Amino acid sequence: MSSTRKKLSIGLASILAVMLFLSACGNNASNNNASSSGNASGSASNSEEPVELSWYMVGTPQKDVDKVMEEVSKYTKDKIGVTVKMTMIDWGDYNQKMQVLTASGADMDIMFTASWAFDYVQNARKGAFAPIDDLLTQYGKGITDILDPAFIEGSKVDGKNYGVPANKELPAQEVWRFNKNLLDENKLSIDGVRTLESLEPLLKTVKANNPDVIPLQVDKNFMPYTPYDYLIEKFPLAVKLDDTSYKIVNIFDTPEMKQALATMHKYYAAGYVPTEAATLESSSDVQATGKWFADKATTQPFADNVWSTSYGYPIVSTPQSDALIYNLSVMGSMQTISANSKHKEKAMEFLNLLNTDPALRNMVDSGIEGTHYNVTPEGYIENLPESKNYDMPTFALGNVMLTYLNPGDPADKWEQFKAYNDAGKPAILLGFNFDPTSVSSEIAAVQNAKEAFWAPLMTGTVDPDKYLPQAIKKLNDAGLGKIQAEAQKQIDAWKAANGK
Amino acid sequence: MASLTKPKDFHRLSPSWNVIFNLIAGLFALACVFPFLFVTIISFTDEKTLARDGYSLFPKKWSIDAYDYLFKAGDQLLRSYGVTIFVTVVGTVISLIFTSLFAYAISRKGFKYRNFFSFFAFFTMLFNGGLVPTYIVTTKLLGLQNSVWALILPLAVNAFYIMIMRTFFATMIPDAIIESGKIDGAGEFGIFFRLIIPLALPGLATIALFSTLGYWNDWFNALLYIEDPNLVPLQSMLMRIENSMQFILQNTNNPSLGVGVLQSMPQDTSRMAMVVLATGPIVLAYPFFQRYFIQGLTVGAVKE
Amino acid sequence: MKTLGRFAKDFNRNKALLLMVLPATLWFIFFSYLPMLGTVISFKEYRVKGGFLSSIINSKWVGFDNFKFLFSTDDAFIITRNTLLYNIVFIFIGLVLAVAMAIVLSEIANKKLAKWYQTGMFLPYFLSWVIVGYFAYSFLSFDRGMVNKIALSLGFDPVQFYSEPKYWPFIIVIVFLWKSLGYNSVVYLAAIMGIDKSLYEAAMIDGANKWQQIRNITLPMLTPLMTILTLLAIGRIFYADFGLFYQVTRDSGTLYEVTNVIDTYVYRGLKTTGEIGMSTAAGLYQSFVGFVLVITSNYVVRKFNKDNALF
């Protein structure tokens, strides 16, 4: 047996040696490939040889991507000497695939990231992205000119920028949405509705008059609005929006959350909320049938119109919070440059062009004019049948304010967006991003403790009087206190450094 | 029970037990088929009706929109069928050869290193390096990125199959057969292919079946290694739809994602239609393997 | 020199068999043993810096820190208990039912019918857990579920299954067996088919009835296979089927007490931080415990019957 073991260990050692050797070769080979492919595509149209940028993008892979990118490359080759190869990875696979690609040090230039897809902050800390502060000043003038400074400020991780946020709606504002048919039918008015509590008389009427309608549509993602800025999304640590001392609190200890949960439970008991809200994955079923009266959503300019068209019945909304700029709203859609990219400067030049040049931006967004779409003289887009082969997520491809208007959009759409953005005020934690590295064990434990009761409490399914104390105890046992202390330390340091 | 014995019927069950056995197997099989039937019905249900009434065996309104949606991709679907079938056939053949050779060798009592190699295989069932290292070996070292081999090789050998096959060889093949082969002057390979294989057909059919299903159902390797749309297998198309639906549903409250994305999202019915399309053919292939379960018996009997 | 000579002789004598193991051995080296070296990241705080190897080399050693989250809270007990208990139940009930079903199928007189049953039983294997989860929901949902509709019509109160932990151990076991039984019984069915027919003929001549034949021939002939498959299952006893415990339960928080297992715990815990060092550590821990258990049980099996052991 011992000789077997010895043989085994010798075997493993030699395998390791072979692997080191081979992977070194592999790296060289891929380097060679990269440079030779650069050479190959180098037709002498520009003084420098064009560089091929590989761009990873989220979204359902489109049939005509290569075709469109060929056109894009023609354009960019002349302008800045780059060609573009885009790889699209479907929504549900993006996180995992990108994680593997970056961890393995794959050769990529530009990657899509956001707070909700291939987590921007997390991966910036892990070293997946190149810091772009210098690149921005050198090659990204156009970007910094068009973007609201809050975008740049809010997307800093540990004081450095790693991504170019897409210029789009900036502040986030929570609204109550209403199914207008039911409002009219019951002769209800939404004037004066703002707080969760102020909804009650409306819900009561609808419940009485329309027994087959869900008065307040809530699913497992629901969270009542409270005036706090969360440290991590759906994680119970937060700072009150007007607390200039920046004290981190457990959201379940706050009077606002306690009251909201009590109200939710009251609504649940009264039958205003779906019975199985805590495990309901989404509201798409009721939205399709229109058998709901009110729900909570995040708005943007013209949202009511968009919702109404997409559901096929009229929707109206009224705010339940101020329009504030959170870290999350800044990080809704970003492009980053890979830390392993060999063409960081060129990548930045390309991103700069993408965010400032309407021709390029629209090509990437809608495809080839005459093949996929036509434009009216007024700047409205007309999709051609071929557009089904190139249907891209507009918001994810950089500055949306350069894109053509969709049929039915008001002519001053982008002006209104700008006005909306200008009116937004920064939330208290804008620009601060918590570094969880030193408490990652505690975070894992707290996540598990938290998820056990989060949705039941938030949807009002369980009685907070009974469950809240248990929840708080479990969170503390799992180490929430330690995370809180670490976060407070980081916030205090950040506060001092930024003169807040 | 014993009182029911009729001497010449020893080889058969008594009729009443036969009925009971039929009931057990039949009812369970029904319970297994039922959801599948349900999937098929849902795939033909009108989307709005589904949202309103929930799943129903007798939907108020039928529709083939879901299949329309999938066939919109057109040749993509056909190509995916092609990829899946190619990968499954080639993969299963390779897998059978690798597995049975290895398993046979370690089933032989005379093989000096049988314990070492048994352990060598078994160990891989427990420990694995995880995603990233595997990805690196496959792409950087073996250079299989975007190659159909990336769908075949990672599943070609499986220690689980080897262990099953080894047991089959060890229990079903009498040593005397190997000895007789040696006396006839056959080499090891000759014995294996001419004498052993025919006897081991039930075992081989099992492994072939498992391997076929494994290849047919695999989507993860495609997620990791395949970016070329021409090489995307069927199951991977299905899982893409499933994963993306789930992802988008979980993010419905995310303002960034916007309503547009939600609208282009495939619907519940398309997902079910995809299940039907992805499962139908392989279910039909199943009886092919069943033949060998029976055949093994007769071959074995003839050889004796 | 002498050992070398003996090795050469051994090697020569086993040449043909060594040639047979060669292809799969190469495969194991490339697809299993080489990647296994990557396990070292479970002791590292993995950060990307250049390629994978340079990232590993440049990442900080953190000792056993990555394992800590698995043991730090009360949940450690719950997830270990759940994972172990469910797997033990799965292994034993699964074994008994799979063997029983294989015997039932092999004894059914009408072979055509038996084939139909067998094909039917296989279907659940093709449904992903997401789809199975949707079905479970169509049965168990509070307002639309079939179970509650039946309960109501019989005058019982409807049950909110997704917030009642007490039902779930049963639901999970049933769903698991439903999905895996057809697949697992195939191996045994094939083994039964491979049993030498003359053994049964001899038994019949001795006057053994069908039940005696099953007890004295079929079951003993299946024992090696049962032993091996059980041993292999023990090796994976610390792994839980993620989809079963996550999708089928709709990730309902109220049920965690009976549905949180190591795999779901790791998934939830690492969602925010995404530390691959920690997920690798969890995998290593699961493998290691499985390894120790298999080695122990294999040792026990060897005591009874050397031929039935894994190695």
# chains A, B, ... in the order shown; residues from 1 in each chain; ligands from 1
>>> interface_residues(of="chain A", to="chain B", cutoff="6 Å", atoms="only C-alpha atoms", output="PyMOL selection string")
chain A and resi 26+91-92+100+282+285+298+332
>>> residues_around(residues="Pro436 (chain A)", least_positions_apart="4", cutoff="9 Å", atoms="only C-alpha atoms", output="list in words")
Gln122, Ser440, Ile443, Ile483, Glu486 and Ala487 of chain A; Thr272 and Thr273 of chain C
>>> atom_distance(atom1="CA of Arg114 (chain B)", atom2="CA of Val21 (chain C)")
9.8 Å
>>> interface_residues(of="chain A", to="chain C", cutoff="6 Å", atoms="only C-alpha atoms", output="MDAnalysis selection string")
chainID A and resid 104:105 126:128 279 340 441 444 447:448 451:453 478
>>> interface_residues(of="chain B", to="chain C", cutoff="6 Å", atoms="only C-alpha atoms", output="PyMOL selection string")
chain B and resi 10+18+21+26+29+32-33+98+101-102+105+115+118+126-129+133-134+202+293+297
>>> write_last_selection(atoms="N, CA and C atoms", output="mmCIF file, in the first residue's frame")
data_model
loop_
_atom_site.group_PDB
_atom_site.id
_atom_site.type_symbol
_atom_site.label_atom_id
_atom_site.label_comp_id
_atom_site.auth_asym_id
_atom_site.auth_seq_id
_atom_site.Cartn_x
_atom_site.Cartn_y
_atom_site.Cartn_z
ATOM 1 N N PHE B 10 -43.239 -23.597 -12.347
ATOM 2 C CA PHE B 10 -42.224 -23.032 -11.477
ATOM 3 C C PHE B 10 -41.581 -21.801 -12.071
ATOM 4 N N ASN B 18 -49.107 -12.223 -10.907
ATOM 5 C CA ASN B 18 -48.816 -11.531 -12.157
ATOM 6 C C ASN B 18 -49.660 -10.258 -12.254
ATOM 7 N N PHE B 21 -48.249 -7.694 -9.821
ATOM 8 C CA PHE B 21 -47.019 -7.114 -10.365
ATOM 9 C C PHE B 21 -47.342 -6.124 -11.474
ATOM 10 N N GLY B 26 -47.503 -0.948 -13.512
ATOM 11 C CA GLY B 26 -48.342 -0.133 -14.380
ATOM 12 C C GLY B 26 -48.701 1.197 -13.738
ATOM 13 N N ALA B 29 -45.689 3.414 -13.522
ATOM 14 C CA ALA B 29 -45.360 3.934 -14.849
ATOM 15 C C ALA B 29 -46.326 5.053 -15.236
ATOM 16 N N CYS B 32 -45.496 8.180 -13.726
ATOM 17 C CA CYS B 32 -44.335 8.794 -14.361
ATOM 18 C C CYS B 32 -44.684 9.416 -15.707
ATOM 19 N N VAL B 33 -45.622 8.809 -16.395
ATOM 20 C CA VAL B 33 -45.976 9.311 -17.724
ATOM 21 C C VAL B 33 -46.858 10.547 -17.605
ATOM 22 N N PHE B 98 -14.050 2.758 -24.100
ATOM 23 C CA PHE B 98 -13.171 3.116 -22.977
ATOM 24 C C PHE B 98 -13.620 2.404 -21.705
ATOM 25 N N LEU B 101 -13.322 -1.625 -21.761
ATOM 26 C CA LEU B 101 -11.942 -2.097 -21.708
ATOM 27 C C LEU B 101 -11.378 -1.943 -20.304
ATOM 28 N N PHE B 102 -11.549 -0.774 -19.760
ATOM 29 C CA PHE B 102 -11.015 -0.495 -18.428
ATOM 30 C C PHE B 102 -11.665 -1.420 -17.397
ATOM 31 N N ALA B 105 -10.529 -5.059 -17.634
ATOM 32 C CA ALA B 105 -9.185 -5.279 -17.102
ATOM 33 C C ALA B 105 -9.213 -5.333 -15.578
ATOM 34 N N ASN B 115 -6.182 -3.449 -8.276
ATOM 35 C CA ASN B 115 -6.592 -2.606 -7.153
ATOM 36 C C ASN B 115 -6.183 -1.161 -7.342
ATOM 37 N N SER B 118 -8.544 0.303 -9.922
ATOM 38 C CA SER B 118 -9.887 0.470 -9.364
ATOM 39 C C SER B 118 -9.940 1.742 -8.526
ATOM 40 N N LEU B 126 -15.130 10.943 -6.326
ATOM 41 C CA LEU B 126 -15.297 11.758 -5.127
ATOM 42 C C LEU B 126 -14.696 13.128 -5.283
ATOM 43 N N PHE B 127 -13.479 13.156 -5.771
ATOM 44 C CA PHE B 127 -12.789 14.440 -5.807
ATOM 45 C C PHE B 127 -12.759 14.988 -7.218
ATOM 46 N N ASN B 128 -13.066 16.253 -7.328
ATOM 47 C CA ASN B 128 -12.907 16.895 -8.621
ATOM 48 C C ASN B 128 -12.356 18.279 -8.395
ATOM 49 N N GLY B 129 -11.773 18.804 -9.412
ATOM 50 C CA GLY B 129 -11.085 20.067 -9.241
ATOM 51 C C GLY B 129 -12.000 21.273 -9.308
ATOM 52 N N PRO B 133 -10.623 24.914 -12.972
ATOM 53 C CA PRO B 133 -9.497 24.093 -13.431
ATOM 54 C C PRO B 133 -9.889 23.171 -14.595
ATOM 55 N N THR B 134 -11.079 22.587 -14.534
ATOM 56 C CA THR B 134 -11.515 21.722 -15.631
ATOM 57 C C THR B 134 -11.606 22.524 -16.919
ATOM 58 N N PRO B 202 -26.163 -7.444 -21.719
ATOM 59 C CA PRO B 202 -27.079 -6.666 -20.876
ATOM 60 C C PRO B 202 -26.361 -5.524 -20.168
ATOM 61 N N PHE B 293 -31.552 -6.175 -23.316
ATOM 62 C CA PHE B 293 -31.754 -6.724 -21.982
ATOM 63 C C PHE B 293 -32.272 -8.154 -22.106
ATOM 64 N N LEU B 297 -29.917 -12.561 -22.266
ATOM 65 C CA LEU B 297 -30.341 -13.798 -21.640
ATOM 66 C C LEU B 297 -30.157 -14.977 -22.579
#
>>> atom_distance(atom1="CA of Ile178 (chain B)", atom2="CA of Leu201 (chain B)")
16.5 Å
>>> residues_around(residues="Val87 (chain B)", least_positions_apart="4", cutoff="7 Å", atoms="only C-alpha atoms", output="list in words")
Val83, Gly91, Leu151, Ile152 and Tyr215 of chain B
>>> write_last_selection(atoms="C-alpha atoms", output="JSON list (two decimals), in the first residue's frame")
[["chain", "number", "residue", "atom", "x", "y", "z"],
["B", 83, "VAL", "CA", -25.38, 18.20, -33.05],
["B", 91, "GLY", "CA", -19.89, 9.77, -27.57],
["B", 151, "LEU", "CA", -19.16, 18.02, -25.93],
["B", 152, "ILE", "CA", -17.94, 14.45, -26.34],
["B", 215, "TYR", "CA", -24.96, 12.82, -23.70]]
>>> residues_around(residues="Ala156 (chain B)", least_positions_apart="2", cutoff="7 Å", atoms="only C-alpha atoms", output="list in words")
Gly91, Ile94, Ser95, Ile152, Leu153, Pro154 and Asn158 of chain B
>>> atom_distance(atom1="CA of Asn217 (chain B)", atom2="CA of Ala150 (chain B)")
14.8 Å
>>> closest_residue(among="A:Leu182, A:Pro215, A:Gly370, A:Asn161", to="Thr137 (chain A)", atoms="only C-alpha atoms")
A:Asn161
>>> residues_around(residues="region 63-65 of chain B", least_positions_apart="2", cutoff="7 Å", atoms="only C-alpha atoms", output="VMD selection string")
chain B and resid 44 to 46 61 67 to 69
>>> write_last_selection(atoms="N, CA and C atoms", output="JSON list (two decimals), in the first residue's frame")
[["chain", "number", "residue", "atom", "x", "y", "z"],
["B", 44, "PHE", "N", -49.37, 22.97, -25.69],
["B", 44, "PHE", "CA", -50.39, 23.30, -26.69],
["B", 44, "PHE", "C", -51.49, 24.21, -26.13],
["B", 45, "THR", "N", -51.26, 24.76, -24.92],
["B", 45, "THR", "CA", -52.27, 25.61, -24.31],
["B", 45, "THR", "C", -52.03, 27.06, -24.69],
["B", 46, "ASP", "N", -53.11, 27.80, -24.80],
["B", 46, "ASP", "CA", -52.99, 29.24, -25.05],
["B", 46, "ASP", "C", -52.38, 29.93, -23.83],
["B", 61, "LYS", "N", -58.60, 26.83, -24.15],
["B", 61, "LYS", "CA", -58.20, 27.27, -25.48],
["B", 61, "LYS", "C", -56.85, 26.66, -25.84],
["B", 67, "TYR", "N", -44.88, 26.45, -30.32],
["B", 67, "TYR", "CA", -44.05, 25.79, -31.33],
["B", 67, "TYR", "C", -43.66, 26.78, -32.43],
["B", 68, "ASP", "N", -44.58, 27.68, -32.72],
["B", 68, "ASP", "CA", -44.26, 28.75, -33.67],
["B", 68, "ASP", "C", -43.02, 29.51, -33.21],
["B", 69, "TYR", "N", -43.05, 29.85, -31.92],
["B", 69, "TYR", "CA", -41.95, 30.62, -31.34],
["B", 69, "TYR", "C", -40.63, 29.87, -31.52]]
>>> select_by_dssp(residues="region 185-365 of chain A", states="strand (DSSP E)", output="PyMOL selection string")
chain A and resi 214-216+228-230+237-240+248-250+292-299+315-319+324-325+334-337
>>> write_last_selection(atoms="C-alpha atoms", output="mmCIF file, in the first residue's frame")
data_model
loop_
_atom_site.group_PDB
_atom_site.id
_atom_site.type_symbol
_atom_site.label_atom_id
_atom_site.label_comp_id
_atom_site.auth_asym_id
_atom_site.auth_seq_id
_atom_site.Cartn_x
_atom_site.Cartn_y
_atom_site.Cartn_z
ATOM 1 C CA ILE A 214 -55.719 40.641 -6.037
ATOM 2 C CA PRO A 215 -55.833 44.074 -4.374
ATOM 3 C CA LEU A 216 -52.081 44.345 -3.742
ATOM 4 C CA TYR A 228 -32.970 53.702 4.136
ATOM 5 C CA ASP A 229 -30.055 53.085 1.821
ATOM 6 C CA TYR A 230 -29.028 49.440 1.873
ATOM 7 C CA LEU A 237 -27.897 46.461 6.944
ATOM 8 C CA ALA A 238 -28.720 50.042 5.962
ATOM 9 C CA VAL A 239 -28.163 53.707 6.731
ATOM 10 C CA LYS A 240 -31.051 56.080 7.123
ATOM 11 C CA ILE A 248 -25.396 51.483 10.103
ATOM 12 C CA VAL A 249 -28.454 49.815 11.538
ATOM 13 C CA ASN A 250 -30.150 46.466 11.244
ATOM 14 C CA TRP A 292 -54.617 42.839 -9.964
ATOM 15 C CA PHE A 293 -55.230 46.294 -8.625
ATOM 16 C CA ALA A 294 -52.018 47.777 -7.240
ATOM 17 C CA ASP A 295 -48.347 46.903 -6.934
ATOM 18 C CA LYS A 296 -44.973 48.465 -6.296
ATOM 19 C CA ALA A 297 -42.488 49.257 -9.054
ATOM 20 C CA THR A 298 -39.548 51.466 -9.914
ATOM 21 C CA THR A 299 -40.327 54.175 -12.386
ATOM 22 C CA ILE A 315 -51.620 51.708 -15.906
ATOM 23 C CA VAL A 316 -51.207 54.812 -13.774
ATOM 24 C CA SER A 317 -48.746 55.374 -10.989
ATOM 25 C CA THR A 318 -48.019 57.669 -8.108
ATOM 26 C CA PRO A 319 -44.741 58.059 -6.209
ATOM 27 C CA LEU A 324 -32.745 59.349 -5.409
ATOM 28 C CA ILE A 325 -29.510 58.178 -6.968
ATOM 29 C CA MET A 334 -21.998 49.085 -17.515
ATOM 30 C CA GLN A 335 -19.189 48.140 -19.855
ATOM 31 C CA THR A 336 -15.833 47.214 -18.361
ATOM 32 C CA ILE A 337 -12.415 46.472 -19.751
#
>>> residues_around(residues="Ser297 (chain C)", least_positions_apart="5", cutoff="10 Å", atoms="only C-alpha atoms", output="ChimeraX atom specification")
/C:230-231,234-235,291-292,302-303,309-310
>>> residues_around(residues="region 121-123 of chain B", least_positions_apart="6", cutoff="8 Å", atoms="only C-alpha atoms", output="ChimeraX atom specification")
/B:159-160,162-163 /C:28
>>> select_by_dssp(residues="region 187-429 of chain A", states="alpha helix (DSSP H)", output="VMD selection string")
chain A and resid 200 to 209 255 to 269 284 to 289 303 to 311 327 to 330 344 to 356 358 to 366 413 to 423
